[in-house]
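To start, the structure itself, in structure tokens.
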Amino acid sequence: MSTSAREAARDAEANPAFRVAARAGYAANGILHLLIGGLVIAVGFGATEDSDQTGAFRALAAVPLGAAALWALAVGLVALGAWHLLQAFAPRHLSVWRRIGRILTEAPQGLVFVAIGLVSASVALGARPRAEQAAEDLSQGVLTWSIGGFVLGAVGLAVAGVGIGFVWMGLRRSFHSKVRTPAGPGGFALTVLGVLGFVAKGVALLIVGVLVVVAAVTVEPDTAGGLDGATAAVVALPAGPVLACLVGAGFLAYGVFTVFRARYARLDA
């Protein structure tokens, strides 16, 4: 990244309006997880809804003023993605290895949030995407490559690794480095929500990663679902509906935590 581009990123990162937009992005991400948590619980009770981001967007589109809400989520999520990208490149006084680590952790998050925001905008415009089918189609395409199985397996391991990272952050409470925890009962409640939410999301991502690895090993792209496929896999287990409801409750906790993160997030690079 050139010096002038990095300086521009630092100027944007210091802009108060951009920081407000980033906080709005955390709120939007929290609302999205609340919707997903509700869908996961509904599936646990026997519903046939898609319990992933696209399912949440389609459900929101069906309610009054849903399109306006989708546009609001789109703007917030894209702003949050842009903030993470700035956090990847704007910080100064970092060693080479710390800068590389910052880029590897922040840039992918930024790209993911921007992509999800664009999906929200597409649903507001009338599209009705299905992430589950898209994941299966992409996996099928990758498996046609000569090294497709290795590529898909590596992606699955990476997703599983991110899931383990979320679980670790929850159990270790290392998310405290990202928020200013208030004193008293409010801080305790925020910590509990963070632990439950990070662990639940980590477990879901771990299942998604395992399903992708299974698809790579068995050469069966239909196995490589996203979050909706992970929910279906959980429901198929003994006591699966109960487990799905617990995971959904964890997503609700993560959603509430992230909404509060809009207020308490540390926005210093």
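As shown in the structure tokens, the chain order sets the letters A, B, ...; within each chain, residues go from 1, and ligands are also counted from 1 in the order they appear.
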Subject >> stretch 117-127 of chain A environment, 9 Å, only C-alpha atoms, sequence neighbours closer than 5 positions dropped, as a PyMOL selection string >> reply: chain A and resi 53-54+57-58+61+66-79+81+112
As a compact mmCIF listing (two decimals) with N, CA and C atoms, in the first residue's frame, please: the residues near A:Ala216 (cut-off 10 Å, only C-alpha atoms, same-chain neighbours under 2 positions excluded).
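Written file, around-v2.txt:
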# COMPACT_ATOMS: atom_id res chain seq x y z
N SER A 139 -18.92 -25.03 -4.48
CA SER A 139 -18.14 -26.22 -4.13
C SER A 139 -18.08 -27.19 -5.31
N GLN A 140 -19.19 -27.33 -6.01
CA GLN A 140 -19.21 -28.23 -7.17
C GLN A 140 -18.25 -27.75 -8.25
N VAL A 142 -15.53 -25.86 -7.75
CA VAL A 142 -14.15 -26.04 -7.28
C VAL A 142 -13.72 -27.50 -7.42
N LEU A 143 -14.64 -28.42 -7.15
CA LEU A 143 -14.29 -29.84 -7.20
C LEU A 143 -14.02 -30.34 -8.62
N GLY A 148 -9.03 -29.39 -6.88
CA GLY A 148 -10.20 -28.82 -6.24
C GLY A 148 -10.44 -29.35 -4.85
N GLY A 149 -10.21 -30.67 -4.65
CA GLY A 149 -10.43 -31.25 -3.33
C GLY A 149 -9.53 -30.64 -2.28
N PHE A 150 -8.26 -30.39 -2.66
CA PHE A 150 -7.33 -29.77 -1.71
C PHE A 150 -7.73 -28.33 -1.41
N VAL A 151 -8.15 -27.61 -2.46
CA VAL A 151 -8.56 -26.21 -2.26
C VAL A 151 -9.78 -26.14 -1.35
N LEU A 152 -10.79 -26.96 -1.65
CA LEU A 152 -12.00 -26.95 -0.84
C LEU A 152 -11.71 -27.39 0.59
N GLY A 153 -10.85 -28.39 0.74
CA GLY A 153 -10.47 -28.84 2.08
C GLY A 153 -9.77 -27.75 2.85
N ALA A 154 -8.88 -26.99 2.16
CA ALA A 154 -8.18 -25.90 2.83
C ALA A 154 -9.15 -24.81 3.27
N VAL A 155 -10.14 -24.52 2.43
CA VAL A 155 -11.16 -23.53 2.80
C VAL A 155 -11.94 -24.00 4.03
N GLY A 156 -12.30 -25.28 4.03
CA GLY A 156 -13.02 -25.83 5.17
C GLY A 156 -12.21 -25.75 6.45
N VAL A 210 -16.31 -28.13 9.03
CA VAL A 210 -16.26 -29.59 8.97
C VAL A 210 -17.07 -30.10 7.78
N LEU A 211 -18.23 -29.50 7.53
CA LEU A 211 -19.06 -29.92 6.39
C LEU A 211 -18.33 -29.69 5.06
N VAL A 212 -17.61 -28.57 4.97
CA VAL A 212 -16.86 -28.30 3.74
C VAL A 212 -15.73 -29.31 3.56
N VAL A 213 -15.04 -29.65 4.65
CA VAL A 213 -13.98 -30.65 4.57
C VAL A 213 -14.56 -32.00 4.16
N VAL A 214 -15.70 -32.37 4.73
CA VAL A 214 -16.35 -33.63 4.36
C VAL A 214 -16.70 -33.63 2.87
N THR A 218 -15.25 -36.46 0.40
CA THR A 218 -16.20 -37.39 -0.24
C THR A 218 -16.56 -36.98 -1.66
N VAL A 219 -16.07 -35.80 -2.09
CA VAL A 219 -16.40 -35.25 -3.42
C VAL A 219 -17.92 -35.18 -3.58
N GLU A 220 -18.60 -34.70 -2.58
CA GLU A 220 -20.04 -34.52 -2.62
C GLU A 220 -20.35 -33.06 -2.28
N PRO A 221 -20.46 -32.18 -3.30
CA PRO A 221 -20.66 -30.75 -3.05
C PRO A 221 -21.94 -30.44 -2.29
N THR A 223 -22.89 -31.60 0.32
CA THR A 223 -22.60 -31.60 1.76
C THR A 223 -22.09 -30.25 2.23
N ALA A 224 -21.51 -29.47 1.32
CA ALA A 224 -20.84 -28.23 1.69
C ALA A 224 -21.84 -27.09 1.77
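For the residues A:Val217, A:Arg180, A:Trp83, A:Gly255, ranking by smallest atom-to-atom distance to A:Val20 using only C-alpha atoms places A:Trp83 first.
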Subject >> Atomic separation - atom CA of A:Ala215 relative to atom CA of A:Glu132, Å >> reply: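 One can read the atom CA of A:Glu132 to atom CA of A:Ala215 distance as 13.6 Å.
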Subject >> Contacts of A:Tyr264 at 9 Å (only C-alpha atoms; same-chain gap of 6+ positions) as a count of residues only >> reply: 6
**OP:** Skip A:Val256 itself and residues of its chain fewer than 6 positions away, then list as a PyMOL selection string all residues within 12 Å of it, counting only C-alpha atoms.
**Re:** chain A and resi 26-35+37+189-198+249-250+262-263
Any chance you can output those residues with C-alpha atoms as a JSON list (two decimals), in the first residue's frame?
[["chain", "number", "residue", "atom", "x", "y", "z"],
["A", 26, "TYR", "CA", -21.89, -2.90, 14.58],
["A", 27, "ALA", "CA", -25.55, -2.27, 15.34],
["A", 28, "ALA", "CA", -26.52, -3.55, 11.89],
["A", 29, "ASN", "CA", -24.39, -6.67, 12.38],
["A", 30, "GLY", "CA", -26.04, -7.24, 15.75],
["A", 31, "ILE", "CA", -29.51, -6.95, 14.26],
["A", 32, "LEU", "CA", -28.53, -9.43, 11.54],
["A", 33, "HIS", "CA", -27.40, -11.96, 14.16],
["A", 34, "LEU", "CA", -30.62, -11.46, 16.09],
["A", 35, "LEU", "CA", -32.55, -12.35, 12.93],
["A", 37, "GLY", "CA", -30.74, -16.51, 15.92],
["A", 189, "ALA", "CA", -24.11, -8.79, 31.49],
["A", 190, "LEU", "CA", -22.03, -7.70, 28.50],
["A", 191, "THR", "CA", -19.37, -10.26, 29.41],
["A", 192, "VAL", "CA", -21.92, -13.08, 29.70],
["A", 193, "LEU", "CA", -23.45, -12.14, 26.35],
["A", 194, "GLY", "CA", -19.99, -12.07, 24.79],
["A", 195, "VAL", "CA", -18.99, -15.48, 26.14],
["A", 196, "LEU", "CA", -22.25, -17.15, 25.04],
["A", 197, "GLY", "CA", -22.33, -15.39, 21.69],
["A", 198, "PHE", "CA", -18.73, -15.99, 20.66],
["A", 249, "ALA", "CA", -29.99, -18.54, 21.69],
["A", 250, "GLY", "CA", -26.23, -18.10, 21.43],
["A", 262, "ALA", "CA", -21.93, -0.21, 18.78],
["A", 263, "ARG", "CA", -21.82, 1.85, 21.97]]
Subject >> Polymer residues at most 8 Å from A:Ile36, only C-alpha atoms, same-chain spacing of 2 or more positions, as number ranges by chain >> reply: A: 32-34, 38-40, 51-53, 55-56, 248, 251-252
**OP:** One decimal, Å: what's the distance from atom CA of A:Val203 over to atom CA of A:Ala134, could you say?
**Re:** 21.8 Å
Subject >> Contact residues around A:Gly163 with only C-alpha atoms at 6 Å, ignoring same-chain residues under 6 positions, as number ranges by chain >> reply: A: 202, 205-206
**OP:** Any chance you could list, as a PyMOL selection string, the residues in stretch 29-140 of chain A that come up helix (DSSP H, G or I) when DSSP is run on the backbone?
**Re:** chain A and resi 29-44+53-61+66-89+96-124+131-140
Please, could you write that set of residues out with C-alpha atoms as a PDB file, in the first residue's frame?
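Result file follows (result32.pdb):
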ATOM      1  CA  ASN A  29     -24.394  -6.666  12.380  1.00  0.00           C
ATOM      2  CA  GLY A  30     -26.036  -7.242  15.751  1.00  0.00           C
ATOM      3  CA  ILE A  31     -29.512  -6.954  14.258  1.00  0.00           C
ATOM      4  CA  LEU A  32     -28.533  -9.433  11.535  1.00  0.00           C
ATOM      5  CA  HIS A  33     -27.402 -11.955  14.157  1.00  0.00           C
ATOM      6  CA  LEU A  34     -30.623 -11.457  16.089  1.00  0.00           C
ATOM      7  CA  LEU A  35     -32.554 -12.348  12.931  1.00  0.00           C
ATOM      8  CA  ILE A  36     -30.350 -15.390  12.317  1.00  0.00           C
ATOM      9  CA  GLY A  37     -30.736 -16.513  15.919  1.00  0.00           C
ATOM     10  CA  GLY A  38     -34.511 -16.318  15.623  1.00  0.00           C
ATOM     11  CA  LEU A  39     -34.448 -18.366  12.408  1.00  0.00           C
ATOM     12  CA  VAL A  40     -32.186 -21.026  13.943  1.00  0.00           C
ATOM     13  CA  ILE A  41     -34.571 -21.377  16.884  1.00  0.00           C
ATOM     14  CA  ALA A  42     -37.526 -21.579  14.471  1.00  0.00           C
ATOM     15  CA  VAL A  43     -35.780 -24.399  12.588  1.00  0.00           C
ATOM     16  CA  GLY A  44     -35.204 -26.125  15.918  1.00  0.00           C
ATOM     17  CA  GLN A  53     -27.859 -14.355   6.218  1.00  0.00           C
ATOM     18  CA  THR A  54     -29.874 -14.618   3.015  1.00  0.00           C
ATOM     19  CA  GLY A  55     -32.738 -16.247   4.907  1.00  0.00           C
ATOM     20  CA  ALA A  56     -32.683 -13.367   7.390  1.00  0.00           C
ATOM     21  CA  PHE A  57     -32.695 -10.808   4.589  1.00  0.00           C
ATOM     22  CA  ARG A  58     -35.593 -12.525   2.810  1.00  0.00           C
ATOM     23  CA  ALA A  59     -37.579 -12.691   6.053  1.00  0.00           C
ATOM     24  CA  LEU A  60     -36.968  -8.983   6.625  1.00  0.00           C
ATOM     25  CA  ALA A  61     -38.017  -8.174   3.063  1.00  0.00           C
ATOM     26  CA  GLY A  66     -38.614  -4.306   5.033  1.00  0.00           C
ATOM     27  CA  ALA A  67     -36.897  -2.772   2.001  1.00  0.00           C
ATOM     28  CA  ALA A  68     -35.998   0.340   3.982  1.00  0.00           C
ATOM     29  CA  ALA A  69     -34.616  -1.823   6.788  1.00  0.00           C
ATOM     30  CA  LEU A  70     -32.566  -3.814   4.278  1.00  0.00           C
ATOM     31  CA  TRP A  71     -31.058  -0.634   2.861  1.00  0.00           C
ATOM     32  CA  ALA A  72     -30.195   0.529   6.374  1.00  0.00           C
ATOM     33  CA  LEU A  73     -28.496  -2.803   7.097  1.00  0.00           C
ATOM     34  CA  ALA A  74     -26.665  -2.635   3.771  1.00  0.00           C
ATOM     35  CA  VAL A  75     -25.253   0.818   4.502  1.00  0.00           C
ATOM     36  CA  GLY A  76     -24.246  -0.165   8.032  1.00  0.00           C
ATOM     37  CA  LEU A  77     -22.597  -3.426   7.012  1.00  0.00           C
ATOM     38  CA  VAL A  78     -20.660  -1.833   4.149  1.00  0.00           C
ATOM     39  CA  ALA A  79     -19.514   0.917   6.528  1.00  0.00           C
ATOM     40  CA  LEU A  80     -18.379  -1.719   9.029  1.00  0.00           C
ATOM     41  CA  GLY A  81     -16.536  -3.544   6.265  1.00  0.00           C
ATOM     42  CA  ALA A  82     -14.805  -0.339   5.232  1.00  0.00           C
ATOM     43  CA  TRP A  83     -13.820   0.251   8.863  1.00  0.00           C
ATOM     44  CA  HIS A  84     -12.197  -3.179   9.110  1.00  0.00           C
ATOM     45  CA  LEU A  85     -10.314  -2.527   5.862  1.00  0.00           C
ATOM     46  CA  LEU A  86      -9.046   0.742   7.292  1.00  0.00           C
ATOM     47  CA  GLN A  87      -7.978  -1.067  10.445  1.00  0.00           C
ATOM     48  CA  ALA A  88      -5.958  -3.393   8.221  1.00  0.00           C
ATOM     49  CA  PHE A  89      -3.975  -0.640   6.537  1.00  0.00           C
ATOM     50  CA  VAL A  96       6.379  -5.875   9.562  1.00  0.00           C
ATOM     51  CA  TRP A  97       4.984  -9.062  11.123  1.00  0.00           C
ATOM     52  CA  ARG A  98       2.372  -7.238  13.186  1.00  0.00           C
ATOM     53  CA  ARG A  99       1.268  -5.332  10.092  1.00  0.00           C
ATOM     54  CA  ILE A 100       0.965  -8.587   8.145  1.00  0.00           C
ATOM     55  CA  GLY A 101      -1.020 -10.100  11.006  1.00  0.00           C
ATOM     56  CA  ARG A 102      -3.291  -7.056  11.119  1.00  0.00           C
ATOM     57  CA  ILE A 103      -3.947  -7.301   7.394  1.00  0.00           C
ATOM     58  CA  LEU A 104      -4.653 -11.036   7.553  1.00  0.00           C
ATOM     59  CA  THR A 105      -7.162 -10.632  10.398  1.00  0.00           C
ATOM     60  CA  GLU A 106      -8.895  -7.363   9.501  1.00  0.00           C
ATOM     61  CA  ALA A 107      -8.994  -7.357   5.688  1.00  0.00           C
ATOM     62  CA  PRO A 108     -10.968 -10.616   5.298  1.00  0.00           C
ATOM     63  CA  GLN A 109     -13.522  -9.373   7.847  1.00  0.00           C
ATOM     64  CA  GLY A 110     -13.860  -6.158   5.890  1.00  0.00           C
ATOM     65  CA  LEU A 111     -14.454  -7.958   2.610  1.00  0.00           C
ATOM     66  CA  VAL A 112     -17.015 -10.286   4.210  1.00  0.00           C
ATOM     67  CA  PHE A 113     -19.016  -7.410   5.719  1.00  0.00           C
ATOM     68  CA  VAL A 114     -18.981  -5.503   2.428  1.00  0.00           C
ATOM     69  CA  ALA A 115     -20.181  -8.620   0.594  1.00  0.00           C
ATOM     70  CA  ILE A 116     -22.994  -9.240   3.099  1.00  0.00           C
ATOM     71  CA  GLY A 117     -24.016  -5.592   2.847  1.00  0.00           C
ATOM     72  CA  LEU A 118     -24.215  -5.903  -0.934  1.00  0.00           C
ATOM     73  CA  VAL A 119     -26.386  -9.010  -0.541  1.00  0.00           C
ATOM     74  CA  SER A 120     -28.728  -7.024   1.708  1.00  0.00           C
ATOM     75  CA  ALA A 121     -28.934  -4.317  -0.957  1.00  0.00           C
ATOM     76  CA  SER A 122     -29.641  -6.904  -3.655  1.00  0.00           C
ATOM     77  CA  VAL A 123     -32.528  -8.339  -1.612  1.00  0.00           C
ATOM     78  CA  ALA A 124     -33.879  -4.805  -1.128  1.00  0.00           C
ATOM     79  CA  ALA A 131     -26.567 -18.858   0.315  1.00  0.00           C
ATOM     80  CA  GLU A 132     -26.937 -22.606   0.786  1.00  0.00           C
ATOM     81  CA  GLN A 133     -27.404 -23.251  -2.932  1.00  0.00           C
ATOM     82  CA  ALA A 134     -24.649 -20.785  -3.808  1.00  0.00           C
ATOM     83  CA  ALA A 135     -22.216 -22.586  -1.482  1.00  0.00           C
ATOM     84  CA  GLU A 136     -23.077 -25.953  -3.015  1.00  0.00           C
ATOM     85  CA  ASP A 137     -22.725 -24.617  -6.580  1.00  0.00           C
ATOM     86  CA  LEU A 138     -19.378 -23.018  -5.764  1.00  0.00           C
ATOM     87  CA  SER A 139     -18.143 -26.222  -4.126  1.00  0.00           C
ATOM     88  CA  GLN A 140     -19.210 -28.225  -7.171  1.00  0.00           C
TER      89      GLN A 140
END
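Proximity to A:Ala253 was assessed for A:Ile207, A:Ala232, A:Ala200, A:Ala265 counting only C-alpha atoms; the smallest distance is recorded for A:Ala200.
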